[in-house]
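First up is the structure itself, then whatever we jot down about it.
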Amino acid sequence: MKTLFDYASRECADGLFPECDVPSAAPSSVLGAEFVRSRAPRIPNLSEGDVARHYTALSKLNYGVDDGIYPLGSCTMKYNPKLNEDAARISGFASLHPRVDVSLAQGALGLLYELGKILKSVSGLPSVSLQPVAGAHGELLGMFLFKRYFEARGESGRKRILLPDSAHGTNPASAAIAGFSVTEIRSNERGTVDLDALRKELDSTVAGIMLTVPNTLGIFEENILEVTRLVHEAGGLCYFDGANLNSFIGRARPGDMGADVFHFNLHKTLSTPHGGGGPGAGAVAVSAPLVDFLPVPRVVKAGDEYRLDWDCPRSIGSIHGFYGNFLVAVRAYAYVLQLGEEGLRAVSENAVLNANYLMERLKTTYRLPYDRLCKHEFVLSGEGLPNHVSTLDVAKRLIDYGVHPPTVYFPLIVHEALMIEPTETEGREALDRFAEILETIAREAAEHPELLHDAPRNAPVRRLDQTQAARNPVLTYPFRAEG
Amino acid sequence: MAYPTTFRYTKDHEWVEIEGKRARIGITDHAQAELGDVVFVELPSVGAVVKKGGQLGTVESVKAVSDVFAPVGGKVVEVNKELETSPETVNQSPHADGWLAVIEMSDPADANDLMDAAAYQALIG
Amino acid sequence: MRYLPNADGDRRQMLEALGLRDVEELFSDIPAAVLAKYESTGLAAKSELEVRDALERAAAANEGSSRVSLLGGGIYDHYTPSLVGHVLARSEFYTAYTPYQPEISQGTLTAMFEFQTLVCELLGMELANASMYDGATALAEAVLMADRIRKRGRVAVAANVLPQYRRVLDTYAWAAGIEIVDVPFDATGRCDWAKIPEDVSGLVVQTPNAFGGLESLAGVKAKLGDALLVVATYPIALGLVEPPGSFGADIVVAEGQCLGLPMGFGGPLLGLFATKSDYLRQLPGRVAGRTVDADGKTGYTMAAQTREQHIRRERATSNICTNSALCALAATVYLASVGADGLRRVAQLNLAKAHYLADGVRRIRGAKLVFDAPFFNEFVVRLAEPAGNARARLAEAGFVVDDPAELEALGVGNALRFAVTERRSRSELDRALAVLGGKR
């Protein structure tokens, strides 16, 4: 595949910008020679058609939700409504500078305020910040809030965060940035937090626990009330990673489970697109004791007017240059307005029904380490497949069938994990087709294992040499030496 | 691959070859096989003082990072610079050319509780 | 609900296959006490048409979006070529996930590789990641990285860094236990190199700075000993201005909004992050690399992943996972569309128009530029009248201008900051000058 830098420059790049209608300014005289760029960046000058074709060709090497089922566990790759995209492109939103006077941005502030209100209601928590721009950014905010809370209470000795061994990698990484150390709590044979192991760790050095609810096995912590009670009794706080909210939205609220901090992934639960790795949005809702510490500025309503409140002396400060990913919030708001309460409930119903239906069908073909009611996702294991076929082989073979593979090798506590989340926006026939493909692949593993070992064959590239990429990293285009 | 009987081993899959106060350290054949293609080795600096059981360095494959712990305490007097450019040596020759560092032991008794080749082979099965 | 394809009949059959009678049985693992406490959001479902109308109305209430902008301070009203939006609207790009399965993500990965190369070319650096959330968080991550490398627990920061960068930096530094030491600015509004403290892990400067002035980076690196030089910059300016990499900067970050992203009320934005090759293992965030497939064909994959949270967990170089991939694609297509020549041309338009406005201001009685430093497209003025009055008259005439309170907080009272991009016409600038000069 050609890169942009493999195209030869043309002499046709003008026409985008007008002729200068003011006296021209010679850079060397207005800036001084010291500041004038001595060597132009190596970017080819191309016709618009060249560029359009190049990126169209690249797009065809990708797979998106519009191409078919995208069963990545814990990622909630559901359909992204087109209205969301149109809404975010309305000029009144897209062309709004973040520094305009609040009186000139009432629509935007109102939207943030109203979305915040909905998120408070969904979470059952009294306050929310829309500043975090990704799930991990929400986690980071959560850890900052923990830190400030204990500082304010004179309990800076609380330096430990407890984490189930099934936790997503961002959890320990976020805790570490805020200066916490991490203690893993093992899961029990049912795939949930081992209460005895938890009790043993709880003491005055514990700042709190980070839980994913339901957890990364797709299992709801039945003892959630006991877990949060124990942590609270020990003086700690409870963080809930909300990546899996689509499994209980409209039916249960983290605030009623003992959450002190709950982060939403608007790019998962509320249908905003993943963009090939962002931008997302990671709104955070908090319990009463943490409200004062939320970031500034905060969107508030005074009478009929929306304002930005900067006067929050106990706040942790800011975690984003402005107000978070506003245009992502617009998309999420468009979605939630369409759904309404009934729609939110239908989301969790279909997410959980789809996952259980698929799990029930596939558990006879693949090993299911935790055979019990799941929520929006479940984890199979490729262990025990014949002929040295691995989970990775199964994933790559799925590509040959034109389907995106599930999340593989996560969570870490399941060997050869295949983590499957069908999402609520797939219908029964799509689930049946996906199951048939996985069943066919299991047969192939026994009868024609080479089809799996060599997969993919029907993809833009075959398996890539990751070892070479790591040993001799080529991270920028190797321009030929000049001169 | 044979596990040299002149070496001592740890449960974390390091080996040590002791000559007087000098302890040459590497990771075992079992460890490199579990890890897969080694793509990077992080070595301590010469002169660093490490405690027995403390972190000596890391060995990385494409998708895993494995800590290397010091089987004995003391001062790092030599490191295998070759690994910076050819980390694959750890895979090719884990018990010889793929050594990581030499520690000058502060307490020779540190080696007493390490396993011999037979015990280590029993451990890894 | 038209986003949920299962019909009632499907759901019944699926429940039957599970041996269940009622949907509620699927939620029997959630404690009954929790289910019982649930309270409805009270939201009524709306049709697409109704929601669209409601959003159009909300957008129309953002009067600021249609005013003539002289606003800057890190976010600028630049022109985006039409092609950028069309590429971004391709669902193969915007509905895809992070490219963990490289064989069916070559589009995203190739674009990431191009983006990293473009960032290095622009900033004059050797190594760039695939993006951070925004310029401010990129700077905060740069400071964490500098302190990981030098471990002194102290970082010097120029006092003329844009406040939104500083706020975020202060929060991250507090959490990480890093002390921030201010470096004052001199009479030209630029960082006073004589006042760099010793024993710091790095020095942070921004060019153009919060006053629009270009920092003179020549020779700074030599004053720092082994402390890292961390520079925040403005990519469009680099169409004309020598990039920080040429002055030995160790880490360069930037806000990439100017490269084809809408202002969007401040988000999503795009953090650019570049450094020297030697620091690869300390780099935060994702990075794409070139390799070959099983047939020897060139392809791209995520590289150096052992730095990242999904492998190194609490010892990762950052917790970042989702970044600003689609915004990075926008910047990539923007730069591909304008090319090196177009980038220079747009920078030249900014320079000429900003200097035209500045020259006009200088001719107004009692008005002057506050700082005598070279600037690109943004500058600070003081008038014979109170800044607030002039701003109010500009607002009446349909312009939007920064609130002087922010400059005041930086110690520059009664002053206005103007930013002028290629989108401003001479007639708009003449109108602004007429308002400032007291003419109608």
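Residues in the structure tokens are named by chain (A, B, ... in the order shown) and by number from 1 within that chain; ligands are numbered from 1 in the order shown.
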Which residues are close to Ile25 of chain B, i.e. within 6 Å by only C-alpha atoms, leaving aside same-chain residues fewer than 2 positions away? Reply as a PDB file with all heavy atoms, in the first residue's frame.
```
ATOM      1  N   TRP B  15      18.905 -17.959  35.968  1.00  0.00           N
ATOM      2  CA  TRP B  15      20.011 -18.840  36.340  1.00  0.00           C
ATOM      3  C   TRP B  15      21.188 -17.988  36.817  1.00  0.00           C
ATOM      4  O   TRP B  15      21.280 -16.794  36.469  1.00  0.00           O
ATOM      5  CB  TRP B  15      20.437 -19.758  35.182  1.00  0.00           C
ATOM      6  CG  TRP B  15      20.830 -19.069  33.884  1.00  0.00           C
ATOM      7  CD1 TRP B  15      20.061 -18.959  32.771  1.00  0.00           C
ATOM      8  CD2 TRP B  15      22.084 -18.446  33.565  1.00  0.00           C
ATOM      9  NE1 TRP B  15      20.734 -18.292  31.777  1.00  0.00           N
ATOM     10  CE2 TRP B  15      21.986 -17.957  32.230  1.00  0.00           C
ATOM     11  CE3 TRP B  15      23.273 -18.233  34.265  1.00  0.00           C
ATOM     12  CZ2 TRP B  15      23.025 -17.280  31.588  1.00  0.00           C
ATOM     13  CZ3 TRP B  15      24.304 -17.548  33.623  1.00  0.00           C
ATOM     14  CH2 TRP B  15      24.173 -17.080  32.303  1.00  0.00           C
ATOM     15  N   VAL B  16      22.051 -18.591  37.615  1.00  0.00           N
ATOM     16  CA  VAL B  16      23.244 -17.904  38.118  1.00  0.00           C
ATOM     17  C   VAL B  16      24.435 -18.847  37.977  1.00  0.00           C
ATOM     18  O   VAL B  16      24.337 -20.025  38.324  1.00  0.00           O
ATOM     19  CB  VAL B  16      23.154 -17.583  39.630  1.00  0.00           C
ATOM     20  CG1 VAL B  16      24.094 -16.449  39.981  1.00  0.00           C
ATOM     21  CG2 VAL B  16      21.753 -17.304  40.053  1.00  0.00           C
ATOM     22  N   TRP B  99      23.459 -14.174  28.286  1.00  0.00           N
ATOM     23  CA  TRP B  99      23.528 -13.728  29.696  1.00  0.00           C
ATOM     24  C   TRP B  99      23.186 -12.251  29.798  1.00  0.00           C
ATOM     25  O   TRP B  99      23.324 -11.493  28.827  1.00  0.00           O
ATOM     26  CB  TRP B  99      24.915 -14.007  30.285  1.00  0.00           C
ATOM     27  CG  TRP B  99      26.034 -13.221  29.622  1.00  0.00           C
ATOM     28  CD1 TRP B  99      26.681 -13.554  28.470  1.00  0.00           C
ATOM     29  CD2 TRP B  99      26.620 -11.979  30.051  1.00  0.00           C
ATOM     30  NE1 TRP B  99      27.628 -12.601  28.147  1.00  0.00           N
ATOM     31  CE2 TRP B  99      27.617 -11.623  29.101  1.00  0.00           C
ATOM     32  CE3 TRP B  99      26.395 -11.131  31.150  1.00  0.00           C
ATOM     33  CZ2 TRP B  99      28.393 -10.454  29.213  1.00  0.00           C
ATOM     34  CZ3 TRP B  99      27.175  -9.968  31.261  1.00  0.00           C
ATOM     35  CH2 TRP B  99      28.161  -9.648  30.292  1.00  0.00           C
ATOM     36  N   LEU B 100      22.730 -11.816  30.959  1.00  0.00           N
ATOM     37  CA  LEU B 100      22.286 -10.429  31.103  1.00  0.00           C
ATOM     38  C   LEU B 100      23.289  -9.555  31.849  1.00  0.00           C
ATOM     39  O   LEU B 100      23.626  -8.466  31.396  1.00  0.00           O
ATOM     40  CB  LEU B 100      20.945 -10.363  31.849  1.00  0.00           C
ATOM     41  CG  LEU B 100      19.778 -11.175  31.263  1.00  0.00           C
ATOM     42  CD1 LEU B 100      18.540 -11.004  32.135  1.00  0.00           C
ATOM     43  CD2 LEU B 100      19.467 -10.742  29.843  1.00  0.00           C
ATOM     44  N   ALA B 101      23.746 -10.028  32.995  1.00  0.00           N
ATOM     45  CA  ALA B 101      24.599  -9.167  33.820  1.00  0.00           C
ATOM     46  C   ALA B 101      25.462 -10.014  34.750  1.00  0.00           C
ATOM     47  O   ALA B 101      25.164 -11.182  34.995  1.00  0.00           O
ATOM     48  CB  ALA B 101      23.735  -8.223  34.657  1.00  0.00           C
TER      49      ALA B 101
END
```
inquiry  = Residues near segment 79-89 of chain A, anyone? I mean within 8 Å using only C-alpha atoms, not counting same-chain ones fewer than 4 positions away, as a list in words.
reply    =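 Contacts, with the query itself left out: Val65, Asp66, Phe93, Ala94, Ser271, Thr272, Pro273, Leu327, Val328, Val330, Arg331, Ala332, Ala334, Tyr335 and Thr425 of chain A; Tyr3, Glu48, Arg52, Leu55, Glu56 and Thr95 of chain C.
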Write out, as JSON lines, each residue of chain B that has an atom at most 9 Å from chain C, together with the closest pair of atoms and their distance in Å to one decimal, counting only C-alpha atoms, rows going by chain and rising number.
```
{"residue": "B:Glu60", "atom": "CA", "partner": "C:Thr306", "partner_atom": "CA", "distance": 7.3}
{"residue": "B:Ser61", "atom": "CA", "partner": "C:Thr306", "partner_atom": "CA", "distance": 8.0}
{"residue": "B:Val62", "atom": "CA", "partner": "C:Thr306", "partner_atom": "CA", "distance": 6.9}
{"residue": "B:Lys63", "atom": "CA", "partner": "C:Thr306", "partner_atom": "CA", "distance": 6.2}
{"residue": "B:Ala64", "atom": "CA", "partner": "C:Ile311", "partner_atom": "CA", "distance": 6.2}
{"residue": "B:Val65", "atom": "CA", "partner": "C:Thr306", "partner_atom": "CA", "distance": 6.5}
```
message = For segment 379-390 of chain A, find every residue with an atom within 6 Å (counting only C-alpha atoms), except residues of its own chain fewer than 3 positions away, and show them as number ranges by chain.
response = A: 217, 367-368, 393, 416-419, 446
key: Expected answer as a VMD selection string: strand (DSSP E) residues in segment 158-369 of chain A   = chain A and resid 160 to 164 181 to 185 206 to 212 237 to 242 261 to 264 284 to 286 298 to 302 305 to 309
request  = Using only C-alpha atoms, determine which residues lie at most 12 Å from segment 85-91 of chain B, disregarding the query and same-chain residues fewer than 6 positions distant; provide the list as a count of residues only.
outcome  = 34
task = Calculate how many Å separate atom CA of Gly264 of chain C from atom CA of Pro98 of chain A, rounding to one decimal.
result =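 Separation of atom CA of Gly264 of chain C and atom CA of Pro98 of chain A: 7.4 Å.
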ask   = Which residues come within 9 Å of segment 73-81 of chain B, counting only C-alpha atoms, excluding same-chain residues fewer than 4 positions away, as a PyMOL selection string?
value = chain B and resi 22+24+43-54+85+97-108+110
For segment 134-147 of chain A: contacts at 6 Å, only C-alpha atoms, fewer than 2 positions along chain excluded, given as a list in words =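 The residues that qualify are Pro132, Tyr149, Phe150, Thr170, Ser174, Ala175, His263, Asn265, Gly280, Ala281, Gly282 and Val284 of chain A.
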Given only C-alpha atoms, how would the per-residue table for segment 12-90 of chain A near segment 120-136 of chain C read, listing every residue at most 10 Å away with its closest atom pair and distance in Å to one decimal, sorted by chain and number, as JSON lines?
```
{"residue": "A:Arg39", "atom": "CA", "partner": "C:Gly124", "partner_atom": "CA", "distance": 9.5}
{"residue": "A:Ala40", "atom": "CA", "partner": "C:Glu121", "partner_atom": "CA", "distance": 8.3}
{"residue": "A:Pro41", "atom": "CA", "partner": "C:Glu121", "partner_atom": "CA", "distance": 4.9}
{"residue": "A:Arg42", "atom": "CA", "partner": "C:Glu121", "partner_atom": "CA", "distance": 6.3}
{"residue": "A:Ile43", "atom": "CA", "partner": "C:Glu121", "partner_atom": "CA", "distance": 8.0}
```
Any chance you could export the current selection's all heavy atoms as a PDB file, in the first residue's frame?
```pdb
ATOM      1  N   ARG A  39      13.789  24.769   6.199  1.00  0.00           N
ATOM      2  CA  ARG A  39      13.535  23.619   5.323  1.00  0.00           C
ATOM      3  C   ARG A  39      12.063  23.261   5.392  1.00  0.00           C
ATOM      4  O   ARG A  39      11.516  23.055   6.487  1.00  0.00           O
ATOM      5  CB  ARG A  39      14.362  22.415   5.802  1.00  0.00           C
ATOM      6  CG  ARG A  39      14.690  21.417   4.721  1.00  0.00           C
ATOM      7  CD  ARG A  39      14.985  20.053   5.326  1.00  0.00           C
ATOM      8  NE  ARG A  39      13.761  19.483   5.889  1.00  0.00           N
ATOM      9  CZ  ARG A  39      13.694  18.307   6.500  1.00  0.00           C
ATOM     10  NH1 ARG A  39      14.773  17.590   6.662  1.00  0.00           N
ATOM     11  NH2 ARG A  39      12.550  17.849   6.964  1.00  0.00           N
ATOM     12  N   ALA A  40      11.423  23.192   4.253  1.00  0.00           N
ATOM     13  CA  ALA A  40       9.983  22.900   4.246  1.00  0.00           C
ATOM     14  C   ALA A  40       9.752  21.460   4.687  1.00  0.00           C
ATOM     15  O   ALA A  40      10.571  20.582   4.434  1.00  0.00           O
ATOM     16  CB  ALA A  40       9.416  23.110   2.850  1.00  0.00           C
ATOM     17  N   PRO A  41       8.629  21.205   5.344  1.00  0.00           N
ATOM     18  CA  PRO A  41       8.292  19.818   5.675  1.00  0.00           C
ATOM     19  C   PRO A  41       8.092  19.019   4.387  1.00  0.00           C
ATOM     20  O   PRO A  41       7.610  19.551   3.390  1.00  0.00           O
ATOM     21  CB  PRO A  41       6.990  19.933   6.464  1.00  0.00           C
ATOM     22  CG  PRO A  41       6.409  21.260   6.094  1.00  0.00           C
ATOM     23  CD  PRO A  41       7.571  22.148   5.769  1.00  0.00           C
ATOM     24  N   ARG A  42       8.478  17.759   4.417  1.00  0.00           N
ATOM     25  CA  ARG A  42       8.358  16.936   3.206  1.00  0.00           C
ATOM     26  C   ARG A  42       6.928  16.399   3.069  1.00  0.00           C
ATOM     27  O   ARG A  42       6.615  15.285   3.477  1.00  0.00           O
ATOM     28  CB  ARG A  42       9.373  15.801   3.260  1.00  0.00           C
ATOM     29  CG  ARG A  42      10.799  16.292   3.033  1.00  0.00           C
ATOM     30  CD  ARG A  42      11.825  15.229   3.321  1.00  0.00           C
ATOM     31  NE  ARG A  42      11.974  15.003   4.752  1.00  0.00           N
ATOM     32  CZ  ARG A  42      12.941  14.273   5.301  1.00  0.00           C
ATOM     33  NH1 ARG A  42      13.829  13.673   4.536  1.00  0.00           N
ATOM     34  NH2 ARG A  42      13.014  14.127   6.615  1.00  0.00           N
ATOM     35  N   ILE A  43       6.057  17.244   2.537  1.00  0.00           N
ATOM     36  CA  ILE A  43       4.663  16.861   2.281  1.00  0.00           C
ATOM     37  C   ILE A  43       4.421  17.109   0.796  1.00  0.00           C
ATOM     38  O   ILE A  43       4.621  18.225   0.334  1.00  0.00           O
ATOM     39  CB  ILE A  43       3.670  17.715   3.098  1.00  0.00           C
ATOM     40  CG1 ILE A  43       4.070  17.753   4.579  1.00  0.00           C
ATOM     41  CG2 ILE A  43       2.247  17.188   2.933  1.00  0.00           C
ATOM     42  CD1 ILE A  43       3.283  18.771   5.396  1.00  0.00           C
TER      43      ILE A  43
END
```
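If only C-alpha atoms are the atoms counted, then among B:Asp12, B:Glu84, B:His95, B:Tyr120 the closest residue to chain A is B:Glu84.
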task = Quote the spacing between atom CA of Pro99 of chain C and atom CA of Phe326 of chain A in Å to one decimal place.
result =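 Atom CA of Phe326 of chain A lies 24.5 Å from atom CA of Pro99 of chain C.
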